[in-house]
file run_37.txt (compact mmCIF, C-alpha atoms)
# COMPACT_ATOMS: atom_id res chain seq x y z
CA MET A 2 51.43 74.18 53.94
CA LEU A 3 51.67 77.09 51.53
CA GLU A 4 53.22 74.68 49.07
CA MET A 5 50.02 72.60 49.04
CA GLN A 6 47.95 75.70 48.29
CA GLY A 7 50.30 76.51 45.42
CA ILE A 8 49.99 73.00 44.06
CA PHE A 9 46.21 73.17 44.36
CA THR A 10 46.14 76.51 42.53
CA LYS A 11 48.15 75.01 39.66
CA GLN A 12 45.83 72.00 39.66
CA LYS A 13 42.81 74.28 39.29
CA LYS A 14 44.40 75.99 36.28
CA TYR A 15 45.13 72.64 34.63
CA GLU A 16 41.63 71.39 35.41
CA PHE A 17 39.93 74.46 33.94
CA PHE A 18 41.98 74.04 30.77
CA LEU A 19 40.97 70.37 30.67
CA LEU A 20 37.31 71.31 31.17
CA ALA A 21 37.57 73.73 28.24
CA VAL A 22 39.00 70.94 26.09
CA CYS A 23 36.19 68.65 27.26
CA ALA A 24 33.59 71.28 26.37
CA ILE A 25 35.04 71.58 22.88
CA GLY A 26 35.20 67.79 22.55
CA TRP A 27 31.65 67.47 23.81
CA GLY A 28 30.35 70.04 21.35
CA PHE A 29 32.26 69.17 18.20
CA THR A 30 33.04 65.44 18.21
CA PRO A 31 30.90 62.32 18.06
CA TYR A 32 32.31 61.29 21.46
CA SER A 33 30.22 63.73 23.47
CA THR A 34 29.29 61.18 26.15
CA PHE A 35 32.94 60.31 26.79
CA PHE A 36 33.93 63.98 27.08
CA ALA A 37 30.98 64.57 29.42
CA GLY A 38 32.21 61.67 31.56
CA ILE A 39 35.75 63.05 31.62
CA ALA A 40 34.41 66.47 32.65
CA LEU A 41 32.18 65.04 35.39
CA GLY A 42 34.94 62.80 36.72
CA SER A 43 37.54 65.55 36.70
CA LEU A 44 35.21 67.91 38.58
CA PHE A 45 34.64 65.29 41.26
CA GLY A 46 38.38 64.49 41.19
CA LEU A 47 39.20 68.16 41.77
CA TYR A 48 36.74 68.17 44.66
CA ASN A 49 38.50 65.11 46.08
CA PHE A 50 41.86 66.82 45.74
CA TRP A 51 40.48 69.92 47.48
CA ILE A 52 39.29 67.71 50.36
CA LEU A 53 42.75 66.14 50.55
CA VAL A 54 44.50 69.52 50.63
CA ARG A 55 42.15 70.82 53.32
CA ARG A 56 42.59 67.71 55.46
CA MET A 57 46.36 67.77 55.06
CA GLU A 58 46.43 71.37 56.30
CA LYS A 59 44.30 70.36 59.28
CA PHE A 60 46.58 67.37 59.90
CA ASP A 61 49.61 69.67 59.79
CA ARG A 62 48.05 72.00 62.37
CA VAL A 63 47.21 69.07 64.67
CA VAL A 64 50.74 67.64 64.40
CA ASP A 65 52.20 71.01 65.38
CA GLY A 66 49.65 71.44 68.19
CA PRO A 67 48.91 69.52 71.38
CA VAL A 68 49.36 65.75 71.53
CA GLY A 69 46.35 63.48 71.65
CA LYS A 70 44.12 65.00 69.00
CA LYS A 71 42.98 62.61 66.29
CA VAL A 72 42.44 63.66 62.66
CA SER A 73 41.74 61.77 59.45
CA VAL A 74 42.63 62.62 55.87
CA GLY A 75 39.04 62.46 54.59
CA THR A 76 39.13 59.06 52.92
CA ALA A 77 35.43 58.41 53.49
CA TYR A 78 34.49 61.77 51.93
CA ARG A 79 36.64 61.06 48.89
CA PHE A 80 35.22 57.55 48.47
CA GLY A 81 31.72 58.97 48.80
CA SER A 82 32.49 61.58 46.16
CA GLY A 83 33.75 58.92 43.77
CA ILE A 84 30.63 56.85 44.37
CA ALA A 85 28.48 59.93 43.73
CA ALA A 86 30.26 60.59 40.41
CA VAL A 87 29.70 57.00 39.30
CA ALA A 88 26.07 57.17 40.46
CA VAL A 89 25.49 60.26 38.31
CA ALA A 90 27.09 58.49 35.33
CA LEU A 91 24.91 55.42 35.90
CA THR A 92 21.80 57.56 36.24
CA PHE A 93 22.40 59.21 32.84
CA PRO A 94 24.05 56.48 30.72
CA ASN A 95 22.98 58.06 27.42
CA GLU A 96 24.63 61.40 28.26
CA ILE A 97 27.64 60.45 30.43
CA HIS A 98 30.11 57.66 29.73
CA LEU A 99 30.93 55.59 32.82
CA MET A 100 34.55 54.81 31.93
CA GLY A 101 35.13 58.46 31.05
CA THR A 102 33.92 59.35 34.53
CA VAL A 103 36.28 56.86 36.16
CA VAL A 104 39.20 58.13 34.07
CA GLY A 105 38.24 61.71 34.95
CA LEU A 106 38.32 60.89 38.66
CA MET A 107 42.00 60.00 38.34
CA ILE A 108 43.06 62.99 36.22
CA PRO A 109 43.92 65.34 39.14
CA TYR A 110 46.25 62.74 40.61
CA VAL A 111 47.91 62.09 37.25
CA LEU A 112 48.35 65.85 36.79
CA LEU A 113 49.86 66.01 40.28
CA ILE A 114 52.42 63.33 39.45
CA VAL A 115 53.31 64.94 36.11
CA GLU A 116 53.64 68.37 37.74
CA ARG A 117 55.91 66.98 40.48
CA ILE A 118 58.09 65.17 37.91
CA MET A 119 58.43 68.39 35.94
CA PHE A 120 59.23 70.30 39.15
CA HIS A 121 62.01 67.88 40.11
CA ALA A 122 63.38 67.77 36.57
CA ARG A 123 63.74 71.57 36.58
CA ASN A 124 65.45 71.66 40.00
call {"tool": "encode", "arguments": {"input": "run_37.txt", "output": "structure tokens"}}
result
Amino acid sequence: MLEMQGIFTKQKKYEFFLLAVCAIGWGFTPYSTFFAGIALGSLFGLYNFWILVRRMEKFDRVVDGPVGKKVSVGTAYRFGSGIAAVAVALTFPNEIHLMGTVVGLMIPYVLLIVERIMFHARN
């Protein structure tokens, strides 16, 4: 599962770059609410990806271990996190754009797909 940790480390680097771009967009463009939504959604999306990585490592340990243990991949936690992000956006509609938040929730997964495509194109 070291590969998953490597992928997650790359994801964090991409996300922090995206958050810097969002901060610049929030501060210097008239679309500050949209950039705030993207930032909020991508933070919650990164949290969701972290949950997925952690659960996949646990799943890997259970598969290699004794038979009969049951483990989930944290779907309920990730749904709850998405609902929390949307709830924050709905609570502050003048500061955070709802659609930006929804788009931001999907950014880590899009970055994952792009990174994997680039990886396979190089190899």
call {"tool": "closest_residue", "arguments": {"input": "run_37.txt", "among": "A:Val89, A:Leu106, A:Met57, A:Ile52", "to": "A:Ala40", "atoms": "only C-alpha atoms"}}
result
A:Leu106
call {"tool": "closest_residue", "arguments": {"input": "run_37.txt", "among": "A:Val103, A:Ile25, A:Val111, A:Val54", "to": "A:Ser82", "atoms": "all atoms listed in the file"}}
result
A:Val103
call {"tool": "closest_residue", "arguments": {"input": "run_37.txt", "among": "A:Thr102, A:Phe50, A:Gln12, A:Glu4", "to": "A:Val115", "atoms": "all atoms listed in the file"}}
result
A:Gln12
call {"tool": "atom_distance", "arguments": {"input": "run_37.txt", "atom1": "atom CA of A:Asn49", "atom2": "atom CA of A:Met107"}}
result
9.9 Å
call {"tool": "closest_residue", "arguments": {"input": "run_37.txt", "among": "A:Leu99, A:Phe93, A:Gly66, A:Tyr48", "to": "A:Phe80", "atoms": "all atoms listed in the file"}}
result
A:Tyr48
call {"tool": "residues_near_point", "arguments": {"input": "run_37.txt", "point": "(30.8, 59.0, 37.9)", "cutoff": "9 Å", "atoms": "only C-alpha atoms", "output": "PyMOL selection string"}}
result
chain A and resi 38-39+41-42+45+82-91+97-103+105-106
call {"tool": "decode", "arguments": {"input": "run_37.txt", "residues": "stretch 58-119 of chain A", "atoms": "C-alpha atoms", "output": "PDB file, in the first residue's frame"}}
result
ATOM      1  CA  GLU A  58      -4.949   0.261   3.742  1.00  0.00           C
ATOM      2  CA  LYS A  59      -7.118  -1.271   6.460  1.00  0.00           C
ATOM      3  CA  PHE A  60      -8.898  -3.391   3.844  1.00  0.00           C
ATOM      4  CA  ASP A  61      -5.528  -4.574   2.525  1.00  0.00           C
ATOM      5  CA  ARG A  62      -4.418  -5.607   6.025  1.00  0.00           C
ATOM      6  CA  VAL A  63      -7.684  -7.500   6.612  1.00  0.00           C
ATOM      7  CA  VAL A  64      -7.418  -9.323   3.268  1.00  0.00           C
ATOM      8  CA  ASP A  65      -3.892 -10.444   4.136  1.00  0.00           C
ATOM      9  CA  GLY A  66      -4.938 -11.412   7.683  1.00  0.00           C
ATOM     10  CA  PRO A  67      -7.368 -13.971   9.100  1.00  0.00           C
ATOM     11  CA  VAL A  68     -10.559 -14.850   7.251  1.00  0.00           C
ATOM     12  CA  GLY A  69     -13.902 -13.684   8.573  1.00  0.00           C
ATOM     13  CA  LYS A  70     -13.176 -10.079   9.457  1.00  0.00           C
ATOM     14  CA  LYS A  71     -15.467  -7.530   7.852  1.00  0.00           C
ATOM     15  CA  VAL A  72     -14.322  -4.054   6.777  1.00  0.00           C
ATOM     16  CA  SER A  73     -15.927  -1.245   4.799  1.00  0.00           C
ATOM     17  CA  VAL A  74     -14.352   1.418   2.611  1.00  0.00           C
ATOM     18  CA  GLY A  75     -15.885   4.349   4.516  1.00  0.00           C
ATOM     19  CA  THR A  76     -18.682   5.242   2.123  1.00  0.00           C
ATOM     20  CA  ALA A  77     -20.914   6.608   4.878  1.00  0.00           C
ATOM     21  CA  TYR A  78     -18.124   8.880   6.166  1.00  0.00           C
ATOM     22  CA  ARG A  79     -17.470  10.207   2.674  1.00  0.00           C
ATOM     23  CA  PHE A  80     -21.174  10.825   2.013  1.00  0.00           C
ATOM     24  CA  GLY A  81     -21.434  12.578   5.365  1.00  0.00           C
ATOM     25  CA  SER A  82     -18.446  14.746   4.514  1.00  0.00           C
ATOM     26  CA  GLY A  83     -20.008  15.732   1.198  1.00  0.00           C
ATOM     27  CA  ILE A  84     -23.263  16.581   2.930  1.00  0.00           C
ATOM     28  CA  ALA A  85     -21.347  18.670   5.479  1.00  0.00           C
ATOM     29  CA  ALA A  86     -19.597  20.614   2.695  1.00  0.00           C
ATOM     30  CA  VAL A  87     -22.917  21.348   1.003  1.00  0.00           C
ATOM     31  CA  ALA A  88     -24.456  22.302   4.362  1.00  0.00           C
ATOM     32  CA  VAL A  89     -21.679  24.836   4.955  1.00  0.00           C
ATOM     33  CA  ALA A  90     -22.216  26.256   1.458  1.00  0.00           C
ATOM     34  CA  LEU A  91     -25.968  26.504   2.064  1.00  0.00           C
ATOM     35  CA  THR A  92     -25.422  28.140   5.439  1.00  0.00           C
ATOM     36  CA  PHE A  93     -23.284  30.910   3.905  1.00  0.00           C
ATOM     37  CA  PRO A  94     -24.767  31.448   0.414  1.00  0.00           C
ATOM     38  CA  ASN A  95     -23.404  35.004   0.133  1.00  0.00           C
ATOM     39  CA  GLU A  96     -19.812  33.888   0.773  1.00  0.00           C
ATOM     40  CA  ILE A  97     -19.638  30.356  -0.703  1.00  0.00           C
ATOM     41  CA  HIS A  98     -20.995  29.270  -4.076  1.00  0.00           C
ATOM     42  CA  LEU A  99     -22.870  25.954  -3.918  1.00  0.00           C
ATOM     43  CA  MET A 100     -21.911  24.708  -7.381  1.00  0.00           C
ATOM     44  CA  GLY A 101     -18.286  25.639  -6.730  1.00  0.00           C
ATOM     45  CA  THR A 102     -18.426  23.470  -3.627  1.00  0.00           C
ATOM     46  CA  VAL A 103     -19.849  20.522  -5.562  1.00  0.00           C
ATOM     47  CA  VAL A 104     -17.216  20.919  -8.272  1.00  0.00           C
ATOM     48  CA  GLY A 105     -14.519  21.177  -5.594  1.00  0.00           C
ATOM     49  CA  LEU A 106     -15.665  17.900  -4.032  1.00  0.00           C
ATOM     50  CA  MET A 107     -14.856  16.117  -7.292  1.00  0.00           C
ATOM     51  CA  ILE A 108     -11.468  17.752  -7.925  1.00  0.00           C
ATOM     52  CA  PRO A 109      -9.344  15.175  -6.026  1.00  0.00           C
ATOM     53  CA  TYR A 110     -10.856  12.360  -8.066  1.00  0.00           C
ATOM     54  CA  VAL A 111     -10.319  14.225 -11.339  1.00  0.00           C
ATOM     55  CA  LEU A 112      -6.709  14.890 -10.311  1.00  0.00           C
ATOM     56  CA  LEU A 113      -6.339  11.194  -9.508  1.00  0.00           C
ATOM     57  CA  ILE A 114      -7.552  10.179 -12.967  1.00  0.00           C
ATOM     58  CA  VAL A 115      -5.319  12.740 -14.701  1.00  0.00           C
ATOM     59  CA  GLU A 116      -2.305  11.668 -12.640  1.00  0.00           C
ATOM     60  CA  ARG A 117      -2.914   7.987 -13.450  1.00  0.00           C
ATOM     61  CA  ILE A 118      -3.290   8.758 -17.177  1.00  0.00           C
ATOM     62  CA  MET A 119      -0.013  10.675 -17.111  1.00  0.00           C
TER      63      MET A 119
END
